[in-house]
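Containing compact mmCIF, C-alpha atoms: data30.txt.
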# COMPACT_ATOMS: atom_id res chain seq x y z
CA MET A 1 0.00 0.00 0.00
CA THR A 2 1.30 3.45 -0.86
CA GLU A 3 1.83 6.35 1.50
CA THR A 4 -0.94 8.27 -0.31
CA ILE A 5 -3.47 5.58 0.60
CA HIS A 6 -2.51 5.72 4.29
CA GLN A 7 -2.62 9.50 4.15
CA ARG A 8 -6.13 9.37 2.70
CA ALA A 9 -7.17 6.92 5.42
CA ASN A 10 -5.66 9.17 8.07
CA ASP A 11 -7.54 12.19 6.69
CA LEU A 12 -10.81 10.29 6.60
CA LEU A 13 -10.29 8.99 10.15
CA LYS A 14 -9.96 12.57 11.33
CA ARG A 15 -12.87 13.77 9.22
CA LYS A 16 -15.30 11.11 10.44
CA ARG A 17 -14.85 12.45 13.97
CA VAL A 18 -15.72 15.96 12.88
CA GLU A 19 -18.41 15.55 10.21
CA PRO A 20 -20.26 12.76 8.37
CA LEU A 21 -18.37 11.06 5.55
CA SER A 22 -19.84 10.49 2.12
CA ARG A 23 -21.10 6.94 1.51
CA GLU A 24 -18.24 6.36 -0.91
CA ASP A 25 -15.56 7.51 1.56
CA GLU A 26 -17.17 5.52 4.34
CA LEU A 27 -17.05 2.31 2.30
CA TRP A 28 -13.50 2.96 1.17
CA LEU A 29 -12.34 3.58 4.72
CA ALA A 30 -14.09 0.49 6.10
CA GLU A 31 -12.47 -1.63 3.42
CA HIS A 32 -9.05 -0.08 4.06
CA LEU A 33 -9.29 -0.63 7.82
CA VAL A 34 -9.97 -4.32 7.25
CA GLN A 35 -6.82 -4.59 5.17
CA CYS A 36 -4.48 -2.25 7.06
CA ASP A 37 -3.57 -3.17 10.62
CA SER A 38 -1.66 0.01 11.38
CA CYS A 39 -4.52 2.33 10.32
CA ALA A 40 -7.02 0.15 12.20
CA ALA A 41 -4.83 0.32 15.30
CA ALA A 42 -4.52 4.10 14.99
CA ASP A 43 -8.31 4.35 14.67
CA ALA A 44 -8.87 2.17 17.72
CA GLN A 45 -6.29 4.11 19.72
CA MET A 46 -7.93 7.44 18.91
CA ASP A 47 -11.38 6.00 19.73
CA HIS A 48 -10.08 4.80 23.06
CA ALA A 49 -8.40 8.13 23.76
CA LEU A 50 -11.52 10.14 22.97
CA SER A 51 -13.68 7.85 25.05
CA ALA A 52 -11.19 8.23 27.92
CA LEU A 53 -11.38 12.00 27.41
CA ARG A 54 -15.15 11.86 27.96
CA THR A 55 -14.78 10.13 31.30
CA LEU A 56 -11.69 11.99 32.47
CA HIS A 57 -12.02 12.76 36.15
CA ILE A 58 -11.80 16.35 37.34
CA HIS A 59 -12.14 17.07 41.03
CA VAL A 60 -14.64 19.87 41.65
CA PRO A 61 -14.14 21.61 45.03
CA SER A 62 -16.88 20.25 47.29
CA ASN A 63 -18.29 23.61 48.37
CA LEU A 64 -17.91 25.44 45.06
CA ALA A 65 -21.55 24.98 44.10
CA SER A 66 -22.88 26.06 47.51
CA ARG A 67 -20.57 29.11 47.62
CA THR A 68 -21.72 30.07 44.14
CA GLN A 69 -25.38 29.55 45.02
CA MET A 70 -24.92 31.84 48.03
CA ARG A 71 -23.28 34.59 45.93
CA VAL A 72 -25.94 34.28 43.26
CA ARG A 73 -28.73 34.60 45.84
CA ILE A 74 -27.12 37.70 47.39
CA ARG A 75 -26.69 39.26 43.96
CA ALA A 76 -30.28 38.39 43.03
CA GLU A 77 -31.45 40.17 46.17
CA GLU A 78 -29.35 43.24 45.28
CA LEU A 79 -30.77 43.25 41.78
CA ARG A 80 -34.31 43.03 43.13
CA GLU A 81 -33.68 45.99 45.44
CA TYR A 82 -32.02 47.94 42.65
CA GLY A 83 -34.94 47.09 40.35
CA THR A 84 -37.45 48.45 42.87
CA ALA A 85 -35.46 51.68 43.29
CA HIS A 86 -35.10 51.95 39.54
CA ARG A 87 -38.84 51.60 38.98
CA LEU A 88 -39.47 54.22 41.68
CA VAL A 89 -37.16 56.70 39.92
CA TRP A 90 -39.01 56.13 36.65
CA ALA A 91 -42.38 56.54 38.30
CA VAL A 92 -41.27 59.84 39.86
CA ALA A 93 -39.89 60.97 36.49
CA VAL A 94 -43.16 60.18 34.72
CA VAL A 95 -45.26 61.96 37.35
CA SER A 96 -42.97 65.02 37.27
CA TRP A 97 -43.23 65.17 33.46
CA ILE A 98 -47.00 65.05 33.60
CA LEU A 99 -47.10 67.73 36.29
CA GLY A 100 -44.54 69.79 34.38
CA LEU A 101 -46.59 69.68 31.20
CA ALA A 102 -49.80 70.43 33.05
CA THR A 103 -48.33 73.43 34.83
CA ALA A 104 -46.30 74.77 31.86
CA PRO A 105 -48.86 77.55 30.96
CA LEU A 106 -48.98 78.66 34.60
CA VAL A 107 -45.17 78.76 34.85
CA TRP A 108 -44.98 80.73 31.62
CA ARG A 109 -47.53 83.25 32.86
CA GLY A 110 -45.84 83.47 36.24
CA PHE A 111 -42.46 84.24 34.71
CA SER A 112 -44.06 86.69 32.30
CA TRP A 113 -45.73 88.52 35.20
CA LEU A 114 -42.50 88.56 37.21
CA GLY A 115 -40.59 89.86 34.17
CA SER A 116 -43.02 92.72 33.65
CA GLU A 117 -43.11 93.58 37.39
CA LEU A 118 -39.32 93.69 37.59
CA HIS A 119 -38.96 95.30 34.14
CA LEU A 120 -36.75 92.50 32.94
CA PRO A 121 -35.95 91.97 29.25
CA LYS A 122 -38.13 89.27 27.65
CA SER A 123 -35.10 87.10 26.79
CA LEU A 124 -34.12 87.00 30.47
CA TRP A 125 -37.41 85.68 31.83
CA ILE A 126 -37.69 83.23 28.91
CA ALA A 127 -34.24 81.97 29.92
CA GLY A 128 -35.66 81.68 33.45
CA VAL A 129 -38.49 79.47 32.17
CA ALA A 130 -35.98 77.31 30.30
CA LEU A 131 -33.83 76.90 33.42
CA TRP A 132 -36.91 76.11 35.46
CA TRP A 133 -37.48 73.20 33.09
CA VAL A 134 -33.93 72.05 32.47
CA LEU A 135 -32.28 72.25 35.90
CA PRO A 136 -34.44 69.67 37.74
CA ALA A 137 -34.17 67.27 34.79
CA LEU A 138 -30.37 67.67 34.74
CA ALA A 139 -30.16 67.16 38.48
CA ALA A 140 -32.34 64.03 38.25
CA ALA A 141 -30.25 62.67 35.37
CA GLY A 142 -27.10 63.30 37.42
CA VAL A 143 -28.54 61.41 40.39
CA VAL A 144 -29.56 58.46 38.18
CA LEU A 145 -26.12 58.34 36.53
CA LEU A 146 -24.37 58.47 39.90
CA ALA A 147 -26.61 55.68 41.19
CA GLN A 148 -25.89 53.58 38.12
CA LYS A 149 -22.17 54.17 38.45
CA GLY A 150 -22.28 53.10 42.08
CA HIS A 151 -24.37 50.06 41.12
CA SER A 152 -21.96 48.87 38.40
CA GLY A 153 -19.00 49.56 40.68
CA ALA A 154 -20.56 47.36 43.37
CA ALA A 155 -21.26 44.65 40.79
CA GLU A 156 -17.60 44.52 39.81
CA MET B 1 -33.39 17.21 34.56
CA LEU B 2 -33.44 20.77 33.35
CA ASP B 3 -33.04 20.05 29.68
CA ASP B 4 -35.83 22.13 28.26
CA ALA B 5 -34.13 25.22 26.85
CA GLN B 6 -37.39 27.15 26.56
CA SER B 7 -38.39 26.58 30.17
CA ILE B 8 -34.88 27.53 31.32
CA SER B 9 -35.15 30.67 29.22
CA ARG B 10 -38.49 31.63 30.78
CA ALA B 11 -37.27 30.99 34.32
CA LEU B 12 -34.03 32.93 33.73
CA LYS B 13 -36.04 35.94 32.62
CA MET B 14 -37.75 35.85 36.03
CA ARG B 15 -34.41 35.34 37.83
CA ASP B 16 -35.85 32.32 39.58
CA PRO B 17 -33.33 31.53 42.38
CA GLY B 18 -34.52 27.94 42.68
CA LEU B 19 -33.81 27.31 39.02
CA LEU B 20 -30.35 28.88 39.31
CA ASP B 21 -29.55 26.67 42.30
CA ARG B 22 -30.50 23.60 40.28
CA LEU B 23 -28.57 24.74 37.21
CA ILE B 24 -25.45 25.40 39.29
CA GLU B 25 -25.70 21.88 40.73
CA GLN B 26 -26.41 20.32 37.36
CA TYR B 27 -23.65 22.03 35.38
CA GLN B 28 -20.99 22.41 38.07
CA PHE B 29 -18.82 19.58 36.82
CA ARG B 30 -19.00 20.45 33.13
CA LEU B 31 -18.52 24.18 33.59
CA PHE B 32 -15.65 23.73 36.03
CA ARG B 33 -13.99 21.23 33.71
CA TYR B 34 -14.34 23.59 30.74
CA LEU B 35 -12.92 26.51 32.74
CA LEU B 36 -10.09 24.37 33.97
CA TYR B 37 -9.15 23.52 30.41
CA LEU B 38 -9.44 27.19 29.40
CA THR B 39 -7.42 28.62 32.25
CA ALA B 40 -5.26 25.66 33.30
CA SER B 41 -5.56 26.95 36.86
CA ARG B 42 -7.89 25.68 39.56
CA GLU B 43 -8.04 29.00 41.41
CA ARG B 44 -8.87 30.94 38.27
CA ALA B 45 -11.39 28.30 37.22
CA GLU B 46 -13.14 28.67 40.61
CA ASP B 47 -13.27 32.46 40.28
CA PHE B 48 -14.60 32.30 36.75
CA PHE B 49 -17.10 29.62 37.76
CA GLN B 50 -18.70 32.03 40.24
CA GLU B 51 -18.47 35.00 37.89
CA THR B 52 -20.12 32.99 35.12
CA TRP B 53 -23.17 32.22 37.25
CA LEU B 54 -23.44 35.85 38.38
CA ARG B 55 -23.41 36.81 34.71
CA VAL B 56 -26.06 34.19 33.98
CA LEU B 57 -28.22 35.79 36.66
CA GLU B 58 -27.68 39.30 35.31
CA ARG B 59 -27.95 38.47 31.60
CA GLY B 60 -30.45 35.63 31.86
CA HIS B 61 -33.00 37.60 29.86
CA GLN B 62 -30.67 37.40 26.84
CA TYR B 63 -30.91 33.62 26.63
CA ASP B 64 -33.67 32.91 24.13
CA GLY B 65 -33.73 29.11 24.41
CA LYS B 66 -33.04 28.65 20.70
CA TRP B 67 -29.87 26.70 21.37
CA LYS B 68 -28.63 24.47 24.16
CA PHE B 69 -28.25 26.13 27.54
CA GLU B 70 -24.75 24.70 28.01
CA ALA B 71 -23.57 26.30 24.76
CA TRP B 72 -24.75 29.71 26.04
CA LEU B 73 -23.22 29.01 29.44
CA PHE B 74 -19.86 28.09 27.94
CA ALA B 75 -19.96 31.17 25.71
CA ILE B 76 -20.43 33.38 28.79
CA ALA B 77 -17.60 31.60 30.62
CA ARG B 78 -15.34 31.91 27.62
CA ASN B 79 -16.04 35.62 27.18
CA LEU B 80 -15.28 36.28 30.84
CA VAL B 81 -11.96 34.47 30.56
CA LEU B 82 -11.10 36.35 27.36
CA ASP B 83 -12.09 39.72 28.88
CA TRP B 84 -9.90 39.04 31.87
CA HIS B 85 -7.06 37.95 29.66
CA ARG B 86 -7.39 41.01 27.42
CA ARG B 87 -7.31 43.29 30.45
CA LYS B 88 -4.23 41.49 31.71
CA LYS B 89 -2.49 41.14 28.39
CA PRO B 90 -4.05 42.01 25.02
CA GLY B 91 -4.40 38.92 22.89
CA SER B 92 -6.67 35.98 22.39
CA LEU B 93 -7.18 32.45 23.56
CA GLU B 94 -4.14 31.46 21.54
CA SER B 95 -1.87 32.98 24.16
CA LEU B 96 -3.91 31.66 27.08
CA ALA B 97 -2.94 28.60 29.08
CA GLY B 98 -0.21 27.37 26.83
CA PRO B 99 1.26 23.93 27.15
CA ASP B 100 3.83 24.94 29.74
CA GLU B 101 1.63 27.03 31.96
CA ASP B 102 0.42 25.52 35.22
CA ALA B 103 0.56 22.08 33.70
CA ALA B 104 -0.21 20.33 36.98
CA ALA B 105 -3.71 21.81 37.17
CA PHE B 106 -5.48 18.63 36.16
CA ASP B 107 -6.17 15.82 38.54
CA LEU B 108 -4.75 12.38 38.55
CA PRO B 109 -6.90 9.87 36.69
CA ASP B 110 -9.57 7.63 38.17
CA GLU B 111 -8.72 4.00 38.51
CA LYS B 112 -11.96 2.11 38.16
CA SER B 113 -11.16 -0.74 35.80
CA PRO B 114 -12.08 -4.17 37.06
CA THR B 115 -8.78 -6.05 36.75
CA PRO B 116 -5.29 -4.87 37.69
CA LEU B 117 -4.07 -5.20 34.10
CA GLU B 118 -7.01 -3.22 32.72
CA GLN B 119 -6.52 -0.75 35.52
CA VAL B 120 -2.90 -0.20 34.54
CA LEU B 121 -3.79 0.13 30.85
CA GLU B 122 -6.66 2.48 31.62
CA THR B 123 -4.48 4.60 33.89
CA GLU B 124 -1.85 4.74 31.21
CA ILE B 125 -4.22 5.90 28.50
CA ARG B 126 -5.87 8.44 30.79
CA THR B 127 -2.52 9.77 31.89
CA GLY B 128 -1.56 9.93 28.23
CA ILE B 129 -4.74 11.84 27.46
CA GLN B 130 -4.20 14.29 30.30
CA LEU B 131 -0.58 14.92 29.50
CA GLY B 132 -1.42 14.99 25.81
CA LEU B 133 -4.19 17.56 26.27
CA GLU B 134 -1.96 19.77 28.37
CA ARG B 135 0.49 19.87 25.50
CA VAL B 136 -2.12 20.74 22.87
CA PRO B 137 -2.25 24.51 22.21
CA ALA B 138 -5.19 26.11 24.05
CA ILE B 139 -6.94 27.16 20.85
CA TYR B 140 -7.19 23.53 19.70
CA ARG B 141 -7.65 22.08 23.18
CA GLU B 142 -10.77 24.17 23.60
CA VAL B 143 -12.55 22.78 20.53
CA LEU B 144 -11.46 19.23 21.36
CA VAL B 145 -12.94 19.56 24.82
CA LEU B 146 -16.17 21.11 23.53
CA ARG B 147 -16.57 18.47 20.84
CA PHE B 148 -15.41 15.25 22.45
CA GLN B 149 -15.93 15.94 26.13
CA GLU B 150 -18.97 18.20 26.15
CA GLU B 151 -20.28 16.59 22.97
CA LEU B 152 -21.45 19.85 21.42
CA GLN B 153 -22.38 20.04 17.74
CA ILE B 154 -20.05 21.92 15.37
CA GLU B 155 -22.65 24.72 15.08
CA GLU B 156 -22.81 25.03 18.87
CA ILE B 157 -19.02 25.18 19.12
CA ALA B 158 -19.05 27.93 16.50
CA ARG B 159 -21.55 29.85 18.65
CA VAL B 160 -19.51 29.38 21.81
CA THR B 161 -16.23 30.39 20.22
CA GLY B 162 -17.67 33.02 17.89
CA VAL B 163 -15.85 31.71 14.81
CA PRO B 164 -17.18 30.34 11.49
CA LEU B 165 -17.97 26.64 11.07
CA SER B 166 -15.01 26.18 8.73
CA THR B 167 -12.65 27.52 11.40
CA VAL B 168 -14.10 25.17 14.01
CA LYS B 169 -13.58 22.24 11.66
CA SER B 170 -10.05 23.20 10.81
CA ARG B 171 -9.23 23.67 14.51
CA LEU B 172 -10.67 20.23 15.21
CA TYR B 173 -8.55 18.63 12.50
CA ARG B 174 -5.42 20.33 13.77
CA GLY B 175 -6.41 19.57 17.35
CA LEU B 176 -6.79 15.86 16.59
CA ASP B 177 -3.38 15.87 14.95
CA ALA B 178 -1.85 17.71 17.89
CA LEU B 179 -3.54 15.38 20.39
CA LYS B 180 -2.32 12.30 18.55
CA THR B 181 1.25 13.60 18.48
CA ALA B 182 1.13 14.80 22.09
CA MET B 183 -0.37 11.52 23.34
CA THR B 184 2.17 9.41 21.57
CA SER B 185 4.89 11.51 23.05
CA ALA B 186 3.27 11.52 26.53
CA LEU B 187 2.81 7.76 26.53
CA GLY B 188 6.35 7.39 25.27
CA ILE B 189 7.58 9.41 28.23
CA GLU B 190 5.47 7.42 30.65
CA ARG B 191 6.73 4.07 29.42
Now that the file is in, can you turn its structure into structure tokens?
Amino acid sequence: MTETIHQRANDLLKRKRVEPLSREDELWLAEHLVQCDSCAAADAQMDHALSALRTLHIHVPSNLASRTQMRVRIRAEELREYGTAHRLVWAVAVVSWILGLATAPLVWRGFSWLGSELHLPKSLWIAGVALWWVLPALAAAGVVLLAQKGHSGAAE
Amino acid sequence: MLDDAQSISRALKMRDPGLLDRLIEQYQFRLFRYLLYLTASRERAEDFFQETWLRVLERGHQYDGKWKFEAWLFAIARNLVLDWHRRKKPGSLESLAGPDEDAAAFDLPDEKSPTPLEQVLETEIRTGIQLGLERVPAIYREVLVLRFQEELQIEEIARVTGVPLSTVKSRLYRGLDALKTAMTSALGIER
């Protein structure tokens, strides 16, 4: 038998462990293994090795699962608490938006009245209205970001 | 047994602690073994084992149950190891846990064969496998372990490792070659 034939057998032996062989290759390989002791031995050795690999013993630390379960439960509790706080922040944000929209005409009129009483330029009291709207939102966003930063820091 | 991917997916979305307890019990051996082969260090494998389950808790909603839970679990574990490795030293799995690093991380083999002769032969082949695997480059060792130890499909290995099917196949071919060479050499040393 030539080296090329053994090489083909070797390639097919590898391939059959990775993907299905064509019917033709399968038949050729079976026939070759009957005739070639060294290829058959190599096949059997690899089969044995891979089967040994499946049953290879690894010692898992006895308390690893229980320690992990404990950490996971603590983290789950933290996430639940964080989730509640997070929902509360959103609820407050939604309510404040609704109130803000509802009271917008009153705020506008209030600032307009104040501007006329104090003889302020129109652009100044309009800027006041804008700040009245933007500052609380910016402060709230800052608080949420800080909370999130603290939360991810704790997670790490 | 928790083998229904869809029911695991639903329970993970609800962060069911009971389910997580059962999953940790069920997959402890396989996940630890996989991490041990990835990191070649028991301490690191233990750390990553815990981190993986915390990540499962936090990202459980991302598991859609379309593929096996263990493939998703191994993908999370693998990404954690790679992230850690990148932070430590930029690179990939290729540079992780090379053949010479912490080679004594794996345990001695079981000896459960019925007769003394079979026991000796079994011990020899298992020792050969262990030593052989330790000498196989990590990038090939990983796919060998996923395919022949965890018995994942090629498509699942591709998902876990994030590489195309053709790459998985070529790594398997090279891995089998490397294992064969390493085992022959390991058994030669042992004899």
Counting all atoms listed in the file, which residues from chain B have an atom at most 9 Å from any atom of chain A, and could you show them as a VMD selection string? chain B and resid 15 to 17 20 to 21 24 to 25 28 to 29 32 to 33 36 46 49 to 51 53 to 54 57 to 58 106 to 110 122 125 to 126 128 to 130 145 147 to 151 154 169 172 to 173 176 to 177 180 183
Got a sec: who's within 12 Å of Ala158 (chain B), counting all atoms listed in the file, leaving out chain neighbours fewer than 3 positions off, as a PyMOL selection string? chain B and resi 67+71-72+74-75+142-143+146-147+152-155+161-172
Show which residues sit within 12 Å of Trp133 (chain A), as a CSV table (one decimal) with C-alpha atoms, keeping the file's coordinate frame. Count all atoms listed in the file, and ignore same-chain residues fewer than 2 positions away.
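Result file is selection-v2.csv:
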chain,number,residue,atom,x,y,z
A,96,SER,CA,-43.0,65.0,37.3
A,97,TRP,CA,-43.2,65.2,33.5
A,99,LEU,CA,-47.1,67.7,36.3
A,100,GLY,CA,-44.5,69.8,34.4
A,101,LEU,CA,-46.6,69.7,31.2
A,103,THR,CA,-48.3,73.4,34.8
A,104,ALA,CA,-46.3,74.8,31.9
A,107,VAL,CA,-45.2,78.8,34.8
A,108,TRP,CA,-45.0,80.7,31.6
A,126,ILE,CA,-37.7,83.2,28.9
A,127,ALA,CA,-34.2,82.0,29.9
A,128,GLY,CA,-35.7,81.7,33.4
A,129,VAL,CA,-38.5,79.5,32.2
A,130,ALA,CA,-36.0,77.3,30.3
A,131,LEU,CA,-33.8,76.9,33.4
A,135,LEU,CA,-32.3,72.2,35.9
A,136,PRO,CA,-34.4,69.7,37.7
A,137,ALA,CA,-34.2,67.3,34.8
A,138,LEU,CA,-30.4,67.7,34.7
A,139,ALA,CA,-30.2,67.2,38.5
A,140,ALA,CA,-32.3,64.0,38.2
Taking 3 positions as the minimum chain separation for residues in the same chain, which residues sit within 9 Å of region 21-37 of chain A when counting all atoms listed in the file? Answer as an mmCIF file with C-alpha atoms, in the frame of the given file.
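After the write, selection04.cif holds the following:
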data_model
loop_
_atom_site.group_PDB
_atom_site.id
_atom_site.type_symbol
_atom_site.label_atom_id
_atom_site.label_comp_id
_atom_site.auth_asym_id
_atom_site.auth_seq_id
_atom_site.Cartn_x
_atom_site.Cartn_y
_atom_site.Cartn_z
ATOM 1 C CA MET A 1 0.000 0.000 0.000
ATOM 2 C CA ILE A 5 -3.470 5.580 0.600
ATOM 3 C CA HIS A 6 -2.510 5.720 4.290
ATOM 4 C CA ARG A 8 -6.130 9.370 2.700
ATOM 5 C CA ALA A 9 -7.170 6.920 5.420
ATOM 6 C CA LEU A 12 -10.810 10.290 6.600
ATOM 7 C CA LEU A 13 -10.290 8.990 10.150
ATOM 8 C CA ARG A 15 -12.870 13.770 9.220
ATOM 9 C CA LYS A 16 -15.300 11.110 10.440
ATOM 10 C CA ALA A 40 -7.020 0.150 12.200
ATOM 11 C CA ALA A 41 -4.830 0.320 15.300
ATOM 12 C CA ALA A 42 -4.520 4.100 14.990
ATOM 13 C CA ASP A 43 -8.310 4.350 14.670
#
Between CA of Phe111 (chain A) and CA of Val95 (chain A), measure the distance and give it in Å to one decimal. 22.6 Å
What does the distance from CA of Arg159 (chain B) to CA of Gly132 (chain B) come to in Å, to one decimal? 26.0 Å
For the atom pair CA of Ala102 (chain A) and CA of Val134 (chain A), what is the interatomic distance in Å to one decimal place? 16.0 Å
How big is the axis-aligned box around the listed atoms of region 18-24 of chain A once 4 Å is added on each side, and where is its centre? Give both in Å to one decimal, as JSON.
{"center_x": -18.4, "center_y": 11.2, "center_z": 6.0, "size_x": 13.4, "size_y": 17.6, "size_z": 21.8}
